[in-house]
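Printed here is work_34.txt (compact mmCIF, C-alpha atoms and all ligand atoms):
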# COMPACT_ATOMS: atom_id res chain seq x y z
CA MET A 1 17.16 -7.36 7.50
CA PRO A 2 14.69 -4.69 6.34
CA ARG A 3 12.49 -2.89 8.82
CA PHE A 4 9.15 -4.71 8.90
CA ALA A 5 5.74 -3.12 9.48
CA ALA A 6 2.38 -4.84 9.97
CA ASN A 7 -0.62 -4.03 7.84
CA ILE A 8 -3.22 -4.29 10.59
CA SER A 9 -6.14 -4.27 8.18
CA LEU A 10 -5.07 -7.85 7.31
CA LEU A 11 -2.74 -8.93 10.14
CA PHE A 12 -4.19 -9.43 13.63
CA ALA A 13 -7.66 -9.23 12.08
CA GLU A 14 -8.74 -11.89 14.59
CA LEU A 15 -8.72 -9.03 17.14
CA PRO A 16 -10.87 -5.91 17.44
CA TYR A 17 -9.31 -2.94 15.60
CA LEU A 18 -7.95 -1.11 18.64
CA ASP A 19 -6.38 -4.29 20.07
CA ARG A 20 -4.35 -4.92 16.90
CA PHE A 21 -1.88 -2.12 17.73
CA ARG A 22 -0.74 -3.79 20.97
CA ALA A 23 -0.60 -7.19 19.26
CA ALA A 24 1.62 -5.76 16.49
CA ALA A 25 3.93 -4.12 19.03
CA ASP A 26 4.09 -7.32 21.12
CA ALA A 27 5.07 -9.26 17.98
CA GLY A 28 8.03 -6.91 17.48
CA PHE A 29 6.69 -4.49 14.86
CA LYS A 30 7.66 -0.85 15.25
CA ALA A 31 5.23 0.44 12.62
CA VAL A 32 1.84 -0.37 11.12
CA GLU A 33 -0.19 0.52 8.08
CA ILE A 34 -3.96 0.81 7.90
CA LEU A 35 -5.81 0.59 4.59
CA PHE A 36 -8.92 2.56 5.47
CA PRO A 37 -8.94 4.23 8.90
CA TYR A 38 -12.14 6.16 8.23
CA ASP A 39 -14.59 4.13 10.33
CA ILE A 40 -13.09 5.41 13.55
CA ALA A 41 -12.20 8.88 14.82
CA ALA A 42 -8.61 9.76 13.93
CA LYS A 43 -7.90 10.59 17.58
CA GLU A 44 -8.65 6.97 18.61
CA THR A 45 -6.18 5.64 16.06
CA ARG A 46 -3.63 8.25 17.10
CA ARG A 47 -3.98 7.28 20.76
CA ALA A 48 -3.46 3.58 19.92
CA LEU A 49 -0.35 4.38 17.87
CA MET A 50 1.14 6.51 20.63
CA ALA A 51 0.26 4.10 23.45
CA ASN A 52 2.16 1.35 21.65
CA GLY A 53 5.07 3.40 20.32
CA LEU A 54 4.18 2.67 16.70
CA ASP A 55 4.85 4.71 13.56
CA LEU A 56 2.12 4.89 10.93
CA VAL A 57 3.61 3.95 7.57
CA LEU A 58 0.69 4.34 5.21
CA ILE A 59 -3.02 4.87 4.81
CA ASN A 60 -5.11 4.67 1.64
CA ALA A 61 -7.06 7.62 0.36
CA PRO A 62 -10.80 7.01 0.56
CA PRO A 63 -13.20 5.69 -0.60
CA PRO A 64 -12.92 2.25 1.00
CA ASN A 65 -13.00 -0.42 -1.70
CA TYR A 66 -14.71 -2.92 0.56
CA THR A 67 -18.08 -1.33 -0.08
CA GLY A 68 -18.22 -2.75 -3.59
CA GLY A 69 -18.09 0.72 -5.19
CA GLN A 70 -15.27 2.36 -7.12
CA PRO A 71 -11.87 1.62 -5.55
CA GLY A 72 -10.69 5.18 -5.98
CA TYR A 73 -11.24 7.78 -8.70
CA ALA A 74 -7.75 8.79 -9.81
CA ALA A 75 -8.09 7.27 -13.29
CA VAL A 76 -11.83 7.73 -13.71
CA PRO A 77 -12.67 10.45 -16.26
CA GLY A 78 -15.50 12.59 -14.90
CA GLY A 79 -14.59 11.67 -11.30
CA GLU A 80 -12.21 14.62 -10.78
CA GLY A 81 -14.48 16.40 -8.27
CA ARG A 82 -14.83 13.24 -6.19
CA PHE A 83 -11.08 12.61 -6.46
CA GLN A 84 -10.26 16.05 -5.11
CA SER A 85 -12.71 15.78 -2.22
CA ASP A 86 -11.26 12.34 -1.33
CA ILE A 87 -7.75 13.79 -1.32
CA ARG A 88 -8.86 16.66 0.91
CA ARG A 89 -10.40 14.10 3.28
CA VAL A 90 -7.32 11.88 3.48
CA LEU A 91 -5.18 14.97 4.11
CA ARG A 92 -7.37 15.86 7.10
CA TYR A 93 -6.71 12.36 8.49
CA ALA A 94 -3.03 12.70 7.61
CA GLU A 95 -2.82 15.90 9.63
CA ALA A 96 -3.91 13.97 12.72
CA LEU A 97 -2.20 10.64 12.03
CA LYS A 98 0.98 11.70 10.20
CA PRO A 99 1.31 8.68 7.89
CA GLY A 100 4.56 8.62 5.93
CA LEU A 101 2.68 7.66 2.77
CA ILE A 102 -0.74 7.94 1.19
CA HIS A 103 -1.72 5.29 -1.35
CA VAL A 104 -4.01 6.77 -3.99
CA MET A 105 -6.24 4.23 -5.71
CA ALA A 106 -6.91 4.40 -9.45
CA GLY A 107 -10.42 2.94 -9.76
CA TYR A 108 -12.07 0.96 -12.56
CA ALA A 109 -11.23 2.45 -15.96
CA SER A 110 -9.20 1.73 -19.08
CA GLY A 111 -7.63 3.35 -22.10
CA ALA A 112 -5.81 6.56 -22.98
CA ASP A 113 -8.40 8.84 -21.36
CA ALA A 114 -7.94 7.02 -18.06
CA GLN A 115 -4.17 7.41 -18.28
CA ASP A 116 -4.48 11.13 -19.03
CA CYS A 117 -6.86 11.41 -16.09
CA ILE A 118 -4.57 9.69 -13.54
CA VAL A 119 -1.69 11.88 -14.69
CA ARG A 120 -3.68 15.11 -14.23
CA ASN A 121 -5.18 14.02 -10.91
CA LEU A 122 -1.88 12.93 -9.36
CA GLN A 123 -0.17 16.13 -10.53
CA TRP A 124 -2.97 18.06 -8.85
CA ALA A 125 -2.63 16.07 -5.59
CA ALA A 126 1.17 16.31 -5.58
CA ASP A 127 1.07 20.08 -6.06
CA PHE A 128 -1.80 20.56 -3.59
CA ALA A 129 0.16 18.73 -0.83
CA PRO A 130 3.83 19.07 -1.80
CA HIS A 131 5.12 17.78 1.55
CA GLN A 132 3.07 14.60 1.45
CA GLN A 133 4.47 11.48 -0.28
CA PHE A 134 1.86 9.68 -2.42
CA THR A 135 2.06 6.19 -3.92
CA LEU A 136 0.48 4.31 -6.82
CA GLU A 137 0.19 0.53 -6.68
CA PRO A 138 -0.72 -1.90 -9.47
CA LEU A 139 -3.32 -4.47 -8.34
CA ASN A 140 -3.50 -7.81 -10.13
CA PRO A 141 -6.55 -8.42 -12.36
CA VAL A 142 -7.55 -11.64 -10.58
CA SER A 143 -8.05 -9.81 -7.27
CA GLN A 144 -9.30 -6.55 -8.83
CA PRO A 145 -10.79 -7.17 -12.29
CA GLY A 146 -11.21 -3.91 -14.23
CA TYR A 147 -8.80 -1.92 -12.06
CA PHE A 148 -6.93 0.61 -14.20
CA LEU A 149 -3.42 0.14 -12.75
CA ASN A 150 -3.00 -3.57 -13.45
CA ASP A 151 0.66 -3.73 -14.52
CA TYR A 152 3.93 -2.41 -13.06
CA ASP A 153 5.16 -1.08 -16.40
CA LEU A 154 1.92 0.84 -16.89
CA ALA A 155 2.42 2.33 -13.42
CA ALA A 156 6.00 3.31 -14.35
CA ALA A 157 4.74 4.95 -17.56
CA CYS A 158 2.15 6.93 -15.56
CA LEU A 159 4.82 8.00 -13.04
CA ASP A 160 7.04 9.22 -15.89
CA ARG A 161 4.24 11.46 -17.07
CA ILE A 162 3.19 12.59 -13.57
CA ASP A 163 6.80 13.57 -12.99
CA ARG A 164 6.51 14.74 -9.39
CA PRO A 165 9.06 13.87 -6.67
CA ASN A 166 6.32 13.17 -4.14
CA VAL A 167 4.56 10.47 -6.19
CA GLY A 168 6.26 7.05 -6.28
CA LEU A 169 5.67 3.36 -6.82
CA GLN A 170 4.33 0.94 -4.21
CA PHE A 171 5.78 -2.54 -4.81
CA ASP A 172 3.81 -5.52 -3.51
CA SER A 173 5.42 -8.94 -3.98
CA PHE A 174 1.99 -10.59 -4.09
CA HIS A 175 0.68 -8.42 -6.94
CA ALA A 176 4.05 -8.41 -8.74
CA ARG A 177 4.11 -12.20 -8.80
CA MET A 178 0.45 -12.45 -9.85
CA ILE A 179 0.94 -9.95 -12.69
CA HIS A 180 4.45 -10.62 -13.94
CA GLY A 181 5.28 -14.10 -12.56
CA ASP A 182 8.54 -13.06 -10.87
CA ALA A 183 8.41 -10.55 -8.01
CA GLN A 184 12.20 -10.29 -7.71
CA ALA A 185 12.50 -9.34 -11.40
CA VAL A 186 9.96 -6.54 -10.93
CA TRP A 187 11.89 -5.27 -7.90
CA ASP A 188 15.19 -5.39 -9.84
CA ARG A 189 13.69 -3.55 -12.85
CA LEU A 190 11.81 -0.81 -11.03
CA ARG A 191 13.74 -0.38 -7.79
CA ASP A 192 14.59 3.27 -8.54
CA ARG A 193 10.93 4.22 -8.52
CA ILE A 194 9.87 2.20 -5.47
CA VAL A 195 9.09 4.22 -2.35
CA HIS A 196 7.17 1.55 -0.45
CA ILE A 197 7.23 -2.26 -0.24
CA GLN A 198 4.56 -4.75 0.78
CA ILE A 199 4.97 -8.53 0.94
CA GLY A 200 2.80 -11.63 0.74
CA SER A 201 2.68 -14.92 -1.16
CA ALA A 202 0.68 -15.59 -4.32
CA PRO A 203 -1.84 -16.78 -5.23
CA ASP A 204 -3.70 -16.81 -1.91
CA ARG A 205 -2.08 -13.71 -0.44
CA SER A 206 -0.79 -15.60 2.56
CA GLU A 207 2.45 -15.05 4.52
CA PRO A 208 5.85 -14.87 2.76
CA GLY A 209 7.37 -18.27 2.09
CA ARG A 210 4.35 -19.94 0.50
CA ASP A 211 5.16 -19.21 -3.14
CA GLU A 212 8.31 -19.50 -5.23
CA THR A 213 9.56 -16.01 -4.38
CA ASP A 214 12.89 -16.36 -2.56
CA PHE A 215 12.09 -13.93 0.25
CA PRO A 216 15.51 -14.10 1.96
CA ALA A 217 17.05 -13.16 -1.43
CA LEU A 218 14.49 -10.38 -1.92
CA PHE A 219 15.21 -9.01 1.58
CA ALA A 220 18.95 -9.12 0.82
CA ALA A 221 18.40 -7.25 -2.46
CA ILE A 222 16.29 -4.65 -0.62
CA ASP A 223 19.06 -4.16 1.95
CA ASP A 224 21.77 -4.02 -0.72
CA SER A 225 19.83 -1.39 -2.67
CA GLY A 226 20.00 1.07 0.23
CA TYR A 227 16.18 1.19 0.54
CA ASP A 228 15.52 2.62 3.98
CA GLY A 229 11.72 2.60 4.08
CA TRP A 230 9.41 0.02 5.66
CA VAL A 231 8.58 -3.41 4.31
CA SER A 232 4.98 -4.03 5.26
CA ALA A 233 3.50 -7.45 5.78
CA GLU A 234 0.22 -7.26 3.87
CA TYR A 235 -1.27 -10.73 3.81
CA THR A 236 -4.03 -12.89 5.21
CA PRO A 237 -2.37 -15.35 7.61
CA SER A 238 -2.87 -19.01 6.76
CA THR A 239 -2.85 -19.67 10.50
CA ARG A 240 -5.68 -19.01 12.95
CA ARG A 241 -3.57 -16.59 14.98
CA THR A 242 -1.35 -14.05 13.19
CA GLU A 243 1.63 -14.71 15.51
CA ALA A 244 1.89 -18.26 14.15
CA SER A 245 2.44 -16.88 10.62
CA LEU A 246 5.42 -14.65 11.47
CA HIS A 247 8.29 -17.15 10.98
CA TRP A 248 9.42 -15.27 7.80
CA MET A 249 10.49 -12.31 10.00
CA ARG A 250 13.03 -14.30 11.98
O1 LIG A 301 -4.41 -4.51 -2.21
C1 LIG A 301 -3.30 -4.06 -1.95
O2 LIG A 301 -2.27 -4.66 -2.26
C2 LIG A 301 -3.11 -2.79 -1.24
O3 LIG A 301 -2.01 -2.45 -0.96
C3 LIG A 301 -4.26 -1.98 -0.84
O4 LIG A 301 -3.83 -0.69 -0.53
C4 LIG A 301 -5.42 -1.86 -1.76
O5 LIG A 301 -6.50 -1.47 -0.95
MG MG A 302 -0.47 -3.90 -1.54
As structure tokens, please, write out the structure in this file.
Amino acid sequence: MPRFAANISLLFAELPYLDRFRAAADAGFKAVEILFPYDIAAKETRRALMANGLDLVLINAPPPNYTGGQPGYAAVPGGEGRFQSDIRRVLRYAEALKPGLIHVMAGYASGADAQDCIVRNLQWAADFAPHQQFTLEPLNPVSQPGYFLNDYDLAAACLDRIDRPNVGLQFDSFHARMIHGDAQAVWDRLRDRIVHIQIGSAPDRSEPGRDETDFPALFAAIDDSGYDGWVSAEYTPSTRRTEASLHWMR
């Protein structure tokens, strides 16, 4: 079985933020990811990770997309200054929290200018922080209408042009199924570029096992491929308590 991590921005959300770390550890997770850790001092998050023996898999670069504003600036022409200051900010958090990965969000944009922009911006970030691994993740257009990276093949084309070893693809079974219909086929096609995996069922982004994706087969393919990163549960449990949604892990 792959190594599973809990995205505690969505899992254990029935608990206050600092209590989610213990709940994740008690449920058997050895690592967590946090979408936007910026509302709380990094030292508080660090203490909670250490107290519960948890690795931090991933954080997103700011700005938080729950404010209704731009979900990132990587592909937004004219937003280069803001992009660079957001990257500097996430790197300050990364210094304290040591996440394995930073997910950089593209923002609302379209067209050739936007693609040129995301290529330039990610090359800048990759060269500015050569020891940090960055990811790009397509988000499906139902959940994020207008988001630039809305297709896995577009993301692969951008990664070809970015051409940096520390920028890779974040595969999410929920978005892959929403965009392309078959999450396993996306995994099979793009496996060589994938540096991080997230899982959930479409269309309601609930726990694995509630759509037609054959998760045991996907987990077997992940194991067979030699992927040795984390597989993060990133879903909104259909159950009142997160623990009751974890049958897919066992
Ligand atoms: O929405 C997703 O899927 C993610 O992984 C998030 O990082 C976007 O905020
Ligand atoms: Mg995701």
* Asked: Could you list, as a VMD selection string, all the residues within 9 Å of ligand LIG 301 (chain A), counting all atoms listed in the file?
  -> chain A and resid 34 to 36 58 to 61 64 to 66 71 103 to 105 137 to 140 143 to 144 170 to 175 198 to 199 234 to 235
* All residues 10 Å or closer to Val76 of chain A, all atoms listed in the file, same chain fewer than 3 positions away omitted, as a list in words ->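 The contact residues come out as Gln70, Gly72, Tyr73, Gly79, Glu80, Arg82, Phe83, Ala106, Gly107, Tyr108, Ala109, Ser110, Asp113, Ala114, Gln115, Asp116, Cys117, Ile118, Asn121 and Phe148 of chain A.
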* Asked: Expressed in Å to a single decimal, how great is the separation between atom CA of Phe134 of chain A and atom CA of Leu169 of chain A?
  ->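 Distance between the two atoms: 8.6 Å.
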* What is the atom CA of Leu15 of chain A to atom CA of Glu243 of chain A distance in Å? ->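 Between these atoms lies a distance of 11.9 Å.
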* Lys98 of chain A: which residues within 10 Å, counting all atoms listed in the file, same-chain residues fewer than 6 positions away excluded, as a VMD selection string? -> chain A and resid 46 55 to 59 91 to 92 132
Atoms to include: C-alpha atoms. Write the selected residues as a CSV table (one decimal), keeping the file's coordinate frame.
chain,number,residue,atom,x,y,z
A,46,ARG,CA,-3.6,8.2,17.1
A,55,ASP,CA,4.8,4.7,13.6
A,56,LEU,CA,2.1,4.9,10.9
A,57,VAL,CA,3.6,4.0,7.6
A,58,LEU,CA,0.7,4.3,5.2
A,59,ILE,CA,-3.0,4.9,4.8
A,91,LEU,CA,-5.2,15.0,4.1
A,92,ARG,CA,-7.4,15.9,7.1
A,132,GLN,CA,3.1,14.6,1.4
* Asked: Which one is closest to ligand MG 302 (chain A): A:Ala94, A:Ala233, A:Ala129, A:Ala31? Count all atoms listed in the file.
  -> A:Ala233
* To do: Using only C-alpha atoms and all ligand atoms, pick whichever of A:Arg205, A:Arg210, A:Arg250, A:Arg240 has the shortest atom-to-atom distance to ligand MG 302 (chain A).
  =>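 Going through A:Arg205, A:Arg210, A:Arg250, A:Arg240 one by one, the smallest distance to ligand MG 302 (chain A) is for A:Arg205.
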* To do: Can you pull out every residue within 12 Å of Arg193 of chain A, counting only C-alpha atoms, but drop anything in the same chain fewer than 4 positions away, and send it as a PyMOL selection string?
  => chain A and resi 135-137+152-153+155-160+163-171+186-189+197+227
* May I have the residues within 12 Å of Tyr17 of chain A as a list of chain:residue names, using only C-alpha atoms and disregarding those fewer than 2 positions away in the same chain? =>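 Result of the neighbour search: A:Asn7, A:Ile8, A:Ser9, A:Leu10, A:Leu11, A:Phe12, A:Ala13, A:Glu14, A:Leu15, A:Asp19, A:Arg20, A:Phe21, A:Arg22, A:Ala23, A:Ala24, A:Ile34, A:Phe36, A:Pro37, A:Asp39, A:Ile40, A:Glu44, A:Thr45, A:Ala48, A:Leu49.
Distances from A:Ser238, A:Ser201, A:Thr213, A:Ser225 to ligand MG 302 (chain A) were compared using all atoms listed in the file, and the smallest one belongs to A:Ser201.
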* To do: Could you please determine the separation between atom CA of Val231 of chain A and atom CA of Glu212 of chain A in Å, to one decimal place?
  => 18.7 Å
* Structure fact -> Between A:Met178, A:Met249, A:Ala51, A:Ala41, smallest distance to ligand MG 302 (chain A) by only C-alpha atoms and all ligand atoms belongs to A:Met178
Missing atoms in segment 194-216 of chain A need filling: write out N, CA and C atoms for it as a tab-separated table (two decimals), in the frame of the given file.
chain	number	residue	atom	x	y	z
A	194	ILE	N	10.67	2.78	-6.57
A	194	ILE	CA	9.87	2.20	-5.47
A	194	ILE	C	10.10	2.98	-4.17
A	195	VAL	N	9.00	3.47	-3.61
A	195	VAL	CA	9.09	4.22	-2.35
A	195	VAL	C	8.43	3.46	-1.20
A	196	HIS	N	7.76	2.35	-1.51
A	196	HIS	CA	7.17	1.55	-0.45
A	196	HIS	C	7.06	0.10	-0.91
A	197	ILE	N	7.23	-0.82	0.06
A	197	ILE	CA	7.23	-2.26	-0.24
A	197	ILE	C	6.21	-2.96	0.65
A	198	GLN	N	5.45	-3.87	0.03
A	198	GLN	CA	4.56	-4.75	0.78
A	198	GLN	C	4.87	-6.19	0.37
A	199	ILE	N	4.63	-7.14	1.26
A	199	ILE	CA	4.97	-8.53	0.94
A	199	ILE	C	3.84	-9.48	1.31
A	200	GLY	N	3.76	-10.54	0.51
A	200	GLY	CA	2.80	-11.63	0.74
A	200	GLY	C	3.03	-12.65	-0.36
A	201	SER	N	2.51	-13.85	-0.17
A	201	SER	CA	2.68	-14.92	-1.16
A	201	SER	C	1.48	-15.00	-2.09
A	202	ALA	N	1.75	-15.34	-3.35
A	202	ALA	CA	0.68	-15.59	-4.32
A	202	ALA	C	0.45	-17.12	-4.38
A	203	PRO	N	-0.72	-17.59	-4.78
A	203	PRO	CA	-1.84	-16.78	-5.23
A	203	PRO	C	-2.86	-16.47	-4.14
A	204	ASP	N	-2.64	-16.97	-2.90
A	204	ASP	CA	-3.70	-16.81	-1.91
A	204	ASP	C	-3.45	-15.64	-0.96
A	205	ARG	N	-2.45	-14.86	-1.26
A	205	ARG	CA	-2.08	-13.71	-0.44
A	205	ARG	C	-1.86	-14.11	1.02
A	206	SER	N	-1.12	-15.17	1.20
A	206	SER	CA	-0.79	-15.60	2.56
A	206	SER	C	0.62	-15.11	2.90
A	207	GLU	N	1.17	-15.57	4.03
A	207	GLU	CA	2.45	-15.05	4.52
A	207	GLU	C	3.60	-15.40	3.56
A	208	PRO	N	4.67	-14.59	3.58
A	208	PRO	CA	5.85	-14.87	2.76
A	208	PRO	C	6.35	-16.29	3.03
A	209	GLY	N	6.83	-16.92	1.94
A	209	GLY	CA	7.37	-18.27	2.09
A	209	GLY	C	6.47	-19.33	1.52
A	210	ARG	N	5.29	-18.93	1.01
A	210	ARG	CA	4.35	-19.94	0.50
A	210	ARG	C	4.20	-19.88	-1.02
A	211	ASP	N	5.09	-19.11	-1.67
A	211	ASP	CA	5.16	-19.21	-3.14
A	211	ASP	C	6.63	-19.32	-3.53
A	212	GLU	N	6.93	-19.25	-4.82
A	212	GLU	CA	8.31	-19.50	-5.23
A	212	GLU	C	9.23	-18.29	-5.08
A	213	THR	N	8.69	-17.16	-4.64
A	213	THR	CA	9.56	-16.01	-4.38
A	213	THR	C	10.58	-16.39	-3.30
A	214	ASP	N	11.85	-16.09	-3.57
A	214	ASP	CA	12.89	-16.36	-2.56
A	214	ASP	C	12.95	-15.12	-1.66
A	215	PHE	N	12.18	-15.13	-0.59
A	215	PHE	CA	12.09	-13.93	0.25
A	215	PHE	C	13.42	-13.55	0.91
A	216	PRO	N	14.20	-14.52	1.42
A	216	PRO	CA	15.51	-14.10	1.96
A	216	PRO	C	16.34	-13.38	0.90
